[in-house]
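**Q** File name coords-v1.cif; file contents mmCIF, C-alpha atoms; full text below.
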data_query
loop_
_atom_site.label_atom_id
_atom_site.label_comp_id
_atom_site.auth_asym_id
_atom_site.auth_seq_id
_atom_site.Cartn_x
_atom_site.Cartn_y
_atom_site.Cartn_z
CA MET A 1489 108.28 104.96 48.57
CA VAL A 1490 106.49 105.74 51.86
CA LYS A 1491 108.16 108.37 54.02
CA LEU A 1492 107.68 107.77 57.77
CA PRO A 1493 107.41 110.70 60.18
CA VAL A 1494 110.52 111.40 62.24
CA GLU A 1495 108.46 111.28 65.47
CA TRP A 1496 107.35 107.71 64.71
CA LEU A 1497 110.89 106.60 63.86
CA THR A 1498 112.18 108.15 67.08
CA ARG A 1499 109.58 106.29 69.17
CA VAL A 1500 110.33 102.98 67.48
CA SER A 1501 114.08 103.49 67.92
CA LEU A 1502 113.64 104.29 71.62
CA LEU A 1503 111.40 101.28 72.14
CA VAL A 1504 113.82 98.91 70.39
CA GLY A 1505 116.77 100.37 72.29
CA LEU A 1506 115.01 100.04 75.64
CA ALA A 1507 113.94 96.49 74.82
CA LEU A 1508 117.54 95.55 74.10
CA VAL A 1509 118.83 97.18 77.28
CA LEU A 1510 116.15 95.65 79.54
CA GLN A 1511 115.97 92.27 77.84
CA PRO A 1512 118.32 90.25 80.07
CA PRO A 1513 116.59 90.95 83.41
CA LEU A 1514 113.07 90.80 81.98
CA ALA A 1515 113.55 87.78 79.70
CA ARG A 1516 114.03 85.32 82.55
CA ALA A 1517 110.91 84.35 84.44
CA ASP A 1518 111.16 84.14 88.21
CA SER A 1519 111.07 80.71 89.84
CA VAL A 1520 108.15 79.86 92.11
CA GLU A 1521 110.46 80.31 95.09
CA GLU A 1522 111.36 83.84 93.94
CA ILE A 1523 107.71 84.72 93.29
CA ASN A 1524 106.71 83.39 96.73
CA ALA A 1525 109.46 85.35 98.49
CA LYS A 1526 108.72 88.57 96.59
CA ALA A 1527 104.98 88.15 97.26
CA LEU A 1528 105.52 87.87 101.03
CA ASN A 1529 107.78 90.93 100.89
CA ALA A 1530 105.11 92.86 98.94
CA LEU A 1531 102.54 91.99 101.62
CA THR A 1532 104.91 93.24 104.31
CA ILE A 1533 105.34 96.52 102.41
CA LEU A 1534 101.56 96.79 102.00
CA GLY A 1535 101.32 96.47 105.80
CA ASP A 1536 103.61 99.50 106.11
CA TYR A 1537 101.29 101.55 103.88
CA VAL A 1538 97.86 100.41 105.11
CA ASP A 1539 96.91 100.13 108.77
CA GLY A 1540 95.08 96.90 109.55
CA SER A 1541 96.09 95.16 106.33
CA GLU A 1542 97.48 92.07 108.09
CA ALA A 1543 94.16 91.26 109.81
CA PHE A 1544 92.31 92.22 106.62
CA LEU A 1545 94.39 89.75 104.57
CA ARG A 1546 93.92 86.99 107.17
CA SER A 1547 90.13 87.36 106.82
CA ALA A 1548 90.28 86.91 103.03
CA ALA A 1549 89.35 83.73 101.16
CA GLY A 1550 92.36 84.30 98.91
CA VAL A 1551 95.03 86.90 98.11
CA LEU A 1552 96.55 87.29 94.65
CA VAL A 1553 99.93 89.03 94.77
CA PHE A 1554 101.85 90.38 91.78
CA PRO A 1555 105.03 91.71 93.41
CA ASP A 1556 106.75 92.95 90.22
CA VAL A 1557 104.53 94.44 87.55
CA VAL A 1558 106.45 96.29 84.84
CA LYS A 1559 104.72 99.06 82.88
CA LEU A 1560 106.48 100.11 79.69
CA GLY A 1561 105.29 102.99 77.54
CA PHE A 1562 106.32 105.00 74.52
CA GLY A 1563 103.07 106.51 73.29
CA ALA A 1564 101.35 103.14 73.51
CA GLY A 1565 102.21 100.90 76.43
CA GLY A 1566 101.81 97.58 78.11
CA GLN A 1567 102.35 95.88 81.43
CA TYR A 1568 103.25 92.40 82.61
CA GLY A 1569 103.92 90.63 85.89
CA GLU A 1570 103.80 87.20 87.48
CA GLY A 1571 102.35 86.40 90.86
CA VAL A 1572 100.94 83.86 93.26
CA LEU A 1573 97.49 83.17 94.64
CA LEU A 1574 97.68 82.57 98.38
CA VAL A 1575 94.89 80.60 100.03
CA GLU A 1576 95.24 80.28 103.80
CA ARG A 1577 98.62 82.04 103.34
CA ARG A 1578 99.92 79.14 101.22
CA PRO A 1579 100.71 79.21 97.48
CA ALA A 1580 97.79 77.68 95.58
CA ALA A 1581 98.48 78.68 91.94
CA TYR A 1582 100.55 81.05 89.81
CA TYR A 1583 99.21 83.73 87.48
CA ALA A 1584 100.31 86.38 84.99
CA THR A 1585 98.82 89.85 84.68
CA SER A 1586 98.99 91.79 81.45
CA GLY A 1587 97.29 94.69 79.82
CA ALA A 1588 97.49 98.09 78.27
CA PRO A 1589 97.67 100.69 81.03
CA PHE A 1590 95.84 103.97 80.59
CA GLY A 1591 97.53 107.32 81.05
CA LEU A 1592 101.03 105.84 81.10
CA GLU A 1593 103.86 108.32 80.94
CA LEU A 1594 106.87 107.83 78.75
CA GLY A 1595 109.26 105.26 80.22
CA VAL A 1596 109.27 102.30 82.59
CA GLN A 1597 107.49 102.00 85.93
CA PHE A 1598 107.49 99.20 88.49
CA LYS A 1599 104.63 98.49 90.87
CA ALA A 1600 103.04 95.74 92.95
CA GLU A 1601 99.39 94.69 92.77
CA VAL A 1602 97.45 92.81 95.44
CA ILE A 1603 93.93 91.54 94.77
CA VAL A 1604 92.02 90.35 97.84
CA PHE A 1605 89.07 87.98 97.44
CA LEU A 1606 86.91 88.50 100.51
CA SER A 1607 84.33 85.81 99.73
CA ALA A 1608 84.76 82.16 98.86
CA ASP A 1609 82.33 82.64 95.93
CA ALA A 1610 84.43 85.42 94.38
CA LEU A 1611 87.58 83.32 94.79
CA GLN A 1612 85.90 80.27 93.25
CA ARG A 1613 84.65 82.27 90.23
CA PHE A 1614 88.18 83.62 89.73
CA ARG A 1615 89.82 80.18 89.99
CA GLU A 1616 87.32 78.62 87.57
CA SER A 1617 87.97 81.19 84.84
CA HIS A 1618 90.59 80.52 82.20
CA SER A 1619 91.27 84.20 81.69
CA TRP A 1620 89.91 86.80 84.12
CA GLU A 1621 89.47 90.47 83.26
CA ALA A 1622 88.98 93.10 85.93
CA GLY A 1623 85.73 94.97 85.45
CA VAL A 1624 84.30 92.22 83.24
CA ASP A 1625 84.61 89.00 85.25
CA GLY A 1626 84.69 90.75 88.61
CA THR A 1627 84.56 94.28 89.96
CA VAL A 1628 87.62 95.30 91.96
CA HIS A 1629 87.16 97.96 94.66
CA LEU A 1630 90.44 99.89 94.65
CA ALA A 1631 92.06 101.25 97.78
CA ARG A 1632 93.51 104.73 97.20
CA ARG A 1633 96.11 106.78 98.99
CA GLY A 1634 94.42 108.92 101.62
CA SER A 1635 91.17 106.91 101.50
CA GLY A 1636 91.24 105.98 105.18
CA ALA A 1637 93.42 105.03 108.09
CA GLY A 1638 92.61 101.33 108.13
CA LEU A 1639 90.59 98.45 106.78
CA ASP A 1640 87.49 96.75 108.09
CA PRO A 1641 86.32 93.81 105.93
CA LYS A 1642 82.78 94.15 107.35
CA SER A 1643 82.48 97.73 106.06
CA ILE A 1644 83.47 96.85 102.48
CA GLU A 1645 80.54 95.90 100.27
CA GLN A 1646 82.53 94.46 97.35
CA ASP A 1647 83.84 90.89 97.23
CA ILE A 1648 87.16 91.91 95.66
CA VAL A 1649 89.52 94.65 96.86
CA GLY A 1650 92.69 95.74 95.07
CA PHE A 1651 95.82 97.59 96.11
CA VAL A 1652 98.38 99.07 93.72
CA PHE A 1653 101.59 100.44 95.20
CA SER A 1654 105.22 101.23 94.56
CA ASN A 1655 108.10 102.37 96.74
CA GLU A 1656 106.23 105.70 97.06
CA GLY A 1657 103.17 104.12 98.69
CA LEU A 1658 99.65 103.40 97.46
CA GLU A 1659 98.87 104.86 94.06
CA GLN A 1660 96.56 107.83 94.24
CA GLU A 1661 94.60 106.95 91.07
CA PRO A 1662 95.06 103.20 90.58
CA THR A 1663 93.22 101.21 87.94
CA PHE A 1664 92.84 97.60 86.91
CA GLU A 1665 91.01 98.66 83.74
CA GLY A 1666 92.28 96.61 80.80
CA THR A 1667 94.03 94.10 83.08
CA ARG A 1668 93.77 90.42 82.12
CA ILE A 1669 94.89 87.67 84.49
CA THR A 1670 95.70 84.16 83.27
CA ARG A 1671 96.82 81.06 85.10
CA LEU A 1672 100.40 79.86 84.58
CA ALA A 1673 101.34 76.20 84.31
CA ARG A 1674 103.75 75.96 87.24
#
For this file, write the structure as structure tokens.

**A**
Amino acid sequence: MVKLPVEWLTRVSLLVGLALVLQPPLARADSVEEINAKALNALTILGDYVDGSEAFLRSAAGVLVFPDVVKLGFGAGGQYGEGVLLVERRPAAYYATSGAPFGLELGVQFKAEVIVFLSADALQRFRESHSWEAGVDGTVHLARRGSGAGLDPKSIEQDIVGFVFSNEGLEQEPTFEGTRITRLAR
């Protein structure tokens, strides 16, 4: 008979318990109306954190907004969220983001992610891909807390800019490493 370490059993028990407690709110996917409303709210919040973001977003070819990304971790971890691609400020398609976050602390964290496609070419490459991985299919320049007072699209050399934030503001060390984005059939 194989004897499992107590630490491993404790982690599994915590993970199963948390999954059971959180299952009802996380099991139901948001409707497109809920995603759209939450996305617009996330963009408003982003405007509170980053000066000039409204004009910056208007200049973009497309804006992908994941208003509710849930990161769950107990040793190993994962994240998931659903969002909307806005083209000319109108919903164009729906996507899911998933991945294994790096450096995740024990527990559950909620965040929003906004990916801004500054060029039509970058947006087209994203839309033509079945499954898009940050850092592989496109490099995302990440905005960081304290990195500047505002945004000027002409001063940014990358075609894709990302923002990761929570109720505490922009993340200081954000990453999209390991993030995969797939289109949803909605």

**Q** Step by step, work through what the PyMOL selection byres ((chain A and resi 1562-1578) around 7) selects in the shown file, and finish by giving those residues as number ranges by chain.

**A** A: 1499, 1503, 1523-1524, 1549-1561, 1579-1589, 1592, 1594-1595

**Q** With all atoms listed in the file as the basis for distance, which of A:His1618, A:Arg1546, A:Lys1599, A:Lys1526 is at the shortest distance from Gly1657 in chain A?

**A**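 Of the candidates, the smallest distance to Gly1657 in chain A is held by A:Lys1599.
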
**Q** Using CA of Ala1517 in chain A and CA of Glu1542 in chain A as the two end points, give the distance in Å to one decimal.

**A**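 CA of Glu1542 in chain A lies at a distance of 28.3 Å from CA of Ala1517 in chain A.
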
**Q** Nearest residue to Phe1605 in chain A out of A:Leu1658, A:Phe1544, A:Glu1665, A:Leu1531, using only C-alpha atoms?

**A** A:Phe1544

**Q** Out of A:Ser1654, A:Gln1597, A:Thr1670, A:Thr1663, which residue has the shortest atom-to-atom distance to Tyr1537 in chain A when counting only C-alpha atoms?

**A** A:Ser1654

**Q** Just the number, please: distance in Å from CA of Ser1541 in chain A to CA of Phe1614 in chain A, one decimal.

**A** 21.7 Å

**Q** Once you count all atoms listed in the file, which residues end up no further than 6 Å from (85.3, 95.8, 94.7) in the file's frame, shown as number ranges by chain?

**A** A: 1627-1629, 1646-1649

**Q** Nearest to Arg1615 in chain A among A:Ile1669, A:Ile1533, A:Val1520, A:Ala1600, with distances taken over all atoms listed in the file: which residue is it?

**A** A:Ile1669

**Q** Just how far from CA of Leu1528 in chain A is CA of Asn1655 in chain A, in Å to one decimal?

**A**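 The value is 15.3 Å.
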